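Asker: Dropping a structure here in structure tokens format, bear with me for questions.
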Amino acid sequence: MAQSLTDLLQKSRLTVVSVDKAAGRLRVRDDADLCSDLSCQGSLVVTEEDSKADLGLINPGDIIKVESKDGRAEKIVVVRHAWEEFGSPET
């Protein structure tokens, strides 16, 4: 069965569970509620406000998309910050 656009978008998004800035790692949860750890040392983080290699721009609860190359997170796009998710009329 073909996936809807909404299903496809949700599968490509991850929820940040924890950020270990010192170790350059993120723990994320996917749409199936499975957690995994990502090595993100030096990865570019893109938000509406800024774009730099700084995991400090990411917070637990943020919704992200990760672009990988050779099994390493190269670019992390913050789709929605945690505080926007909880303040959204969709919830």
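Starting from 1 in every chain, residues are counted up; chains themselves are A, B, ... following the order of the structure tokens, and ligands are numbered from 1 as listed.
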Going by DSSP on the backbone, which residues of stretch 4-70 of chain A come out as alpha helix (DSSP H)? List them as a PyMOL selection string.
Answerer: chain A and resi 5-11
Asker: Near stretch 29-45 of chain A, counting only C-alpha atoms, which residues have an atom at most 7 Å away, once you skip same-chain residues fewer than 2 positions from it, shown as a list of chain:residue names?
Answerer: A:Gln10, A:Lys11, A:Arg13, A:Leu14, A:Thr15, A:Val16, A:Val17, A:Gly24, A:Arg25, A:Leu26, A:Arg27, A:Thr47, A:Ser51, A:Lys52, A:Ala53, A:Asp54, A:Leu55, A:Arg72, A:Ala73, A:Glu74, A:Lys75, A:Ile76, A:Val77
Asker: Pick from A:Val79, A:Ile64, A:Glu48, A:Asn59: nearest to A:Ser18, with only C-alpha atoms counted?
Answerer: A:Asn59
Asker: Could you check which of A:Ser12, A:Val78, A:Asp20, A:Trp83 is closest to A:Asp50, using only C-alpha atoms?
Answerer: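 Residue with the minimum atom-to-atom distance to A:Asp50: A:Val78.
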Asker: Between atom CA of A:Gly61 and atom CA of A:Val28, what is the distance in Å, rounded to a tenth?
Answerer: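 The value is 9.3 Å.
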